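To start, the structure itself, in structure tokens.
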Amino acid sequence: MRPLILRVIFAAATLAASVAFPQMHKVAKPQQVVRAVGVYEWTGDFAKPTASRLIPVSLYIEGKFEDAGVYIARPVPFALLSGNVYVLQSAGVDKGTLDLAYAKHLQAVEPTGDLAFDDGWFGYGSVKPLSAPRKTTTALKPSKSLPVITASADPNRPHFGSKPAGDTASSSGSDQSKPTSTQTTNKPDPTASSTTSTSTSSDPDRPTMKRRTSDTASSTTADQSSGSSTPTDDPDRPTMKRRTSDSAPTDTSSTTASSPAPTDDPDRPTLKRHTAEDAKGAKTAATDIASVSATGSLNDDPNRPNLHHGKPTSAMIEADLPKLTGLPANLHQMVAVSDAVNRDGHPFTLDWDDEAQHKAILEKMQGMARAQLAAYGAAPTTQPPTPAAPAKKTTATTARAHRTTAPAPPVPLLDEDLKAYTLSYGGAATYIYSANTGGTGAALRYVTIVAQDDGLGEIKPAIQSVTDAAHFNRTPKMQFVDVVDADASNRASLVFELRSQNARQFALYRVIASHPEQIFLTGTTQ
């Protein structure tokens, strides 16, 4: 029993020590991410669109996704407040900014047709494309002739050289190791002056150093006793005088500080509006010249006037920005991201190694698409079935002809689009393929394939969708928009538009190891 008691005592002591000495390392507070994602649609040129709008999609806040079109819509949704700035991206690369001017809630006026999609909250604003980098001037070209160093023929050009010993001795005038008469008797040395004039006669602009004589010394002493060190030969030389308490400035033409400091002038023009407190501070500064007061930045002034080219975005109204209505044929889409923190860009596009790789992946994706179209079934016909003809006796020749019938031609794939992405750092290659078969009604079919590389050279399908134009209500059309980092995790999600007959939704999909997961779905626009 004694060992058991010792173990219990040791365990109790360990627990007490852990309570008395908590962990000392700092645990960082998790980052609060507030990030909105929308789809920007426009017609015409991207820099100057003829009509545009922003459709709110998702809002990542407090660690979960919310519908950006209805979150805190009191009266305008949080993601569509005026002044919000959205960054327009293409595969994670910034292309421009969208400054929201106003938001509007629309209601569909027609149950069918393109105007049936104009239902819900939309944002409108001005787009500013990113400035393109400056183009360099003409490229540098190698010189055809090698540079040659030549000596200058100008005798007055300064150069480095050693001075002969004779010149050194003559310039000094005497042996530096022996004291001269000037140093002991304070009298001018005629020999030194004559030597100096001789050495400088060749260069009249060369500065010289002259020894101070007794007359110069007495003049300087007299100036210092009067409180001034100005040489007598320069009466206009500015001076600095120590100001005493009982002295007052009498000559306004002198250089002594006789005018008030610039900060003492209450009418001095500034970029900040003058208030009563500013005037009071100016009087205080006038009475105490030596006081120093710190002022804030002029950018902190809410009343500071700003200059804008044209009309500011905050002052735009509905008539200033043409609204986009319906679903025109030349409609363009792009992902828009608004974040409370400036974050570094993360491009997700995967470049092809060569054209052979692109062709090989395209053939594999086409095979998957044709398999899905075949599984979807043959196009239904609207004509009634014809009655069966009576059976006839077949001969050997007829049977042989049936056996040699040519196979049906492959299903045509029109408007093909193949894109490759890397959705995360070091992640597998993700391929997105879309096409249609052409035709009208039930004969017009749309196919979308999302596949990932398994690391062994093969690609596995993750999302496969087929539908036809006559049955959008049964199976909506999956139209790929772009990839986006929806929650600031450096991992991209796929943005799809799910379009039905008279309404549409937007969905976010995350694909990991060829396994898709729908992480968010908006409400319908109807």
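In the structure tokens, each chain is lettered A, B, ... as it comes, each chain's residues begin at 1, and ligands are numbered from 1 in order of appearance.
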Residue contacts of Gln333 in chain A (8 Å, only C-alpha atoms) excluding same-chain residues fewer than 4 positions away, as a PyMOL selection string: chain A and resi 39-42+481
Just N, CA and C atoms for this one: save the residues we selected as a tab-separated table (two decimals), in the first residue's frame.
```
chain	number	residue	atom	x	y	z
A	39	VAL	N	-20.66	39.02	-57.49
A	39	VAL	CA	-20.42	38.82	-58.92
A	39	VAL	C	-20.74	40.13	-59.62
A	40	TYR	N	-19.73	40.67	-60.28
A	40	TYR	CA	-19.88	41.92	-61.02
A	40	TYR	C	-20.20	41.59	-62.47
A	41	GLU	N	-21.29	42.16	-62.97
A	41	GLU	CA	-21.73	41.94	-64.35
A	41	GLU	C	-21.74	43.26	-65.09
A	42	TRP	N	-21.32	43.24	-66.36
A	42	TRP	CA	-21.30	44.46	-67.14
A	42	TRP	C	-21.39	44.13	-68.63
A	481	VAL	N	-18.19	30.82	-63.08
A	481	VAL	CA	-17.86	32.25	-63.04
A	481	VAL	C	-16.36	32.44	-62.85
```
For Ala47 in chain A: contacts at 10 Å, only C-alpha atoms, fewer than 4 positions along chain excluded, given as a compact mmCIF listing (two decimals) with C-alpha atoms, in the first residue's frame:
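Wrote selection_37.txt, looks like this:
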```txt
# COMPACT_ATOMS: atom_id res chain seq x y z
CA GLY A 96 -9.78 47.01 -60.77
CA SER A 126 -18.05 53.32 -60.60
CA VAL A 127 -15.23 51.07 -61.78
CA LYS A 128 -11.59 52.15 -61.76
CA PRO A 129 -9.26 49.76 -63.61
CA LEU A 130 -5.79 49.34 -62.20
```
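We find CA of Asp487 in chain A and CA of Lys64 in chain A to be spaced 8.7 Å apart.
CA of Thr522 in chain A sits 17.2 Å away from CA of Arg53 in chain A.
Distance annotation: of A:Ala73, A:Val37, A:Ala488, A:Ala151, the residue with the minimal separation from Asp344 in chain A is A:Ala488; atom set is only C-alpha atoms.
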Selection: 7 Å around Phe496 in chain A, only C-alpha atoms, excl. self and same-chain fewer than 2 positions, as a ChimeraX atom specification: /A:478-481,494,498,506-508
Deliver the residues from the most recent selection as a file, using N, CA and C atoms, as a CSV table (one decimal), in the first residue's frame.
```
chain,number,residue,atom,x,y,z
A,478,MET,N,-25.3,24.8,-64.9
A,478,MET,CA,-24.1,25.2,-64.1
A,478,MET,C,-23.2,26.0,-65.0
A,479,GLN,N,-23.1,27.3,-64.7
A,479,GLN,CA,-22.2,28.2,-65.5
A,479,GLN,C,-21.1,28.7,-64.6
A,480,PHE,N,-19.9,28.3,-64.9
A,480,PHE,CA,-18.7,28.7,-64.1
A,480,PHE,C,-18.4,30.2,-64.2
A,481,VAL,N,-18.2,30.8,-63.1
A,481,VAL,CA,-17.9,32.3,-63.0
A,481,VAL,C,-16.4,32.4,-62.9
A,494,LEU,N,-14.8,27.4,-55.9
A,494,LEU,CA,-15.4,27.6,-57.3
A,494,LEU,C,-16.7,28.3,-57.2
A,498,LEU,N,-26.1,29.0,-60.9
A,498,LEU,CA,-27.1,28.0,-61.2
A,498,LEU,C,-28.4,28.6,-61.7
A,506,PHE,N,-26.4,31.5,-56.8
A,506,PHE,CA,-24.9,31.4,-56.9
A,506,PHE,C,-24.5,30.5,-55.8
A,507,ALA,N,-23.5,29.6,-56.1
A,507,ALA,CA,-23.1,28.6,-55.2
A,507,ALA,C,-21.5,28.6,-55.1
A,508,LEU,N,-21.0,28.3,-53.9
A,508,LEU,CA,-19.6,28.1,-53.7
A,508,LEU,C,-19.3,26.6,-53.5
```
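Omitting Arg510 in chain A and its sequence neighbours fewer than 6 positions away, and counting only C-alpha atoms, the residues within 10 Å are Leu423, Val483, Arg491, Ala492, Ser493, Leu494, Val495, Pro516, Glu517, Gln518, Ile519 and Phe520 of chain A.
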Output N, CA, C and O atoms for every residue in that selection, as an mmCIF file, in the first residue's frame.
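Result file is part19.cif:
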```
data_model
loop_
_atom_site.group_PDB
_atom_site.id
_atom_site.type_symbol
_atom_site.label_atom_id
_atom_site.label_comp_id
_atom_site.auth_asym_id
_atom_site.auth_seq_id
_atom_site.Cartn_x
_atom_site.Cartn_y
_atom_site.Cartn_z
ATOM 1 N N LEU A 423 -5.889 25.351 -56.541
ATOM 2 C CA LEU A 423 -6.787 25.974 -55.572
ATOM 3 C C LEU A 423 -6.122 26.269 -54.236
ATOM 4 O O LEU A 423 -6.710 26.990 -53.420
ATOM 5 N N VAL A 483 -12.836 31.454 -59.725
ATOM 6 C CA VAL A 483 -12.424 30.952 -58.415
ATOM 7 C C VAL A 483 -12.161 32.149 -57.509
ATOM 8 O O VAL A 483 -11.765 33.220 -57.970
ATOM 9 N N ARG A 491 -7.256 29.489 -49.782
ATOM 10 C CA ARG A 491 -7.770 28.330 -50.511
ATOM 11 C C ARG A 491 -8.968 28.801 -51.331
ATOM 12 O O ARG A 491 -9.897 29.387 -50.788
ATOM 13 N N ALA A 492 -8.923 28.527 -52.628
ATOM 14 C CA ALA A 492 -9.955 29.044 -53.519
ATOM 15 C C ALA A 492 -11.148 28.110 -53.576
ATOM 16 O O ALA A 492 -11.013 26.888 -53.449
ATOM 17 N N SER A 493 -12.301 28.703 -53.769
ATOM 18 C CA SER A 493 -13.543 27.976 -53.990
ATOM 19 C C SER A 493 -14.047 28.294 -55.388
ATOM 20 O O SER A 493 -13.719 29.337 -55.966
ATOM 21 N N LEU A 494 -14.845 27.403 -55.946
ATOM 22 C CA LEU A 494 -15.396 27.586 -57.276
ATOM 23 C C LEU A 494 -16.736 28.307 -57.179
ATOM 24 O O LEU A 494 -17.605 27.907 -56.396
ATOM 25 N N VAL A 495 -16.905 29.363 -57.959
ATOM 26 C CA VAL A 495 -18.147 30.131 -57.984
ATOM 27 C C VAL A 495 -18.922 29.724 -59.231
ATOM 28 O O VAL A 495 -18.434 29.890 -60.355
ATOM 29 N N PRO A 516 -16.235 16.967 -54.090
ATOM 30 C CA PRO A 516 -16.833 18.298 -54.049
ATOM 31 C C PRO A 516 -17.675 18.494 -52.789
ATOM 32 O O PRO A 516 -18.284 17.551 -52.262
ATOM 33 N N GLU A 517 -17.714 19.736 -52.345
ATOM 34 C CA GLU A 517 -18.550 20.111 -51.200
ATOM 35 C C GLU A 517 -19.130 21.491 -51.458
ATOM 36 O O GLU A 517 -18.382 22.450 -51.701
ATOM 37 N N GLN A 518 -20.431 21.591 -51.419
ATOM 38 C CA GLN A 518 -21.087 22.883 -51.577
ATOM 39 C C GLN A 518 -21.083 23.591 -50.223
ATOM 40 O O GLN A 518 -21.819 23.226 -49.311
ATOM 41 N N ILE A 519 -20.263 24.622 -50.095
ATOM 42 C CA ILE A 519 -20.115 25.292 -48.807
ATOM 43 C C ILE A 519 -21.084 26.455 -48.647
ATOM 44 O O ILE A 519 -21.299 26.933 -47.526
ATOM 45 N N PHE A 520 -21.705 26.930 -49.742
ATOM 46 C CA PHE A 520 -22.654 28.028 -49.603
ATOM 47 C C PHE A 520 -23.531 28.078 -50.844
ATOM 48 O O PHE A 520 -23.092 27.779 -51.965
#
```
Sel. of helix (DSSP H, G or I) residues, range 22-144 of chain A, as a list in words: Phe78, Ala79, Leu80, Asp114, Leu115, Ala116 and Phe117 of chain A
Given the selection you just returned, output its residues as a file containing N, CA, C and O atoms, formatted as a tab-separated table (two decimals), in the first residue's frame.
```
chain	number	residue	atom	x	y	z
A	78	PHE	N	-25.75	44.85	-45.46
A	78	PHE	CA	-24.44	45.25	-44.97
A	78	PHE	C	-23.40	45.26	-46.09
A	78	PHE	O	-22.52	46.11	-46.12
A	79	ALA	N	-23.48	44.31	-47.01
A	79	ALA	CA	-22.49	44.20	-48.07
A	79	ALA	C	-22.68	45.22	-49.18
A	79	ALA	O	-21.80	45.37	-50.02
A	80	LEU	N	-23.81	45.96	-49.18
A	80	LEU	CA	-24.09	46.91	-50.24
A	80	LEU	C	-24.17	48.34	-49.73
A	80	LEU	O	-24.76	49.21	-50.39
A	114	ASP	N	-36.23	37.59	-69.72
A	114	ASP	CA	-35.01	38.08	-69.08
A	114	ASP	C	-35.29	38.99	-67.90
A	114	ASP	O	-34.53	39.01	-66.92
A	115	LEU	N	-36.37	39.76	-67.94
A	115	LEU	CA	-36.69	40.67	-66.84
A	115	LEU	C	-37.12	39.92	-65.59
A	115	LEU	O	-37.18	40.51	-64.51
A	116	ALA	N	-37.39	38.64	-65.69
A	116	ALA	CA	-37.74	37.86	-64.49
A	116	ALA	C	-36.53	37.68	-63.58
A	116	ALA	O	-36.70	37.39	-62.38
A	117	PHE	N	-35.33	37.84	-64.10
A	117	PHE	CA	-34.12	37.69	-63.28
A	117	PHE	C	-33.80	38.95	-62.48
A	117	PHE	O	-32.95	38.92	-61.60
```
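Using only C-alpha atoms, the shortest contact distance between Gly345 in chain A and any of A:Val85, A:Ala360, A:Val93, A:Ala51 is found at A:Val93.
Proximity of A:Pro238, A:Pro56, A:Pro409, A:Pro142 to Ala103 in chain A, computed with only C-alpha atoms, is greatest for A:Pro56.
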Selected residue of minimal separation from Gln464 in chain A among A:Gln32, A:Gln372, A:Thr150, A:Ser338, counting only C-alpha atoms: A:Gln372
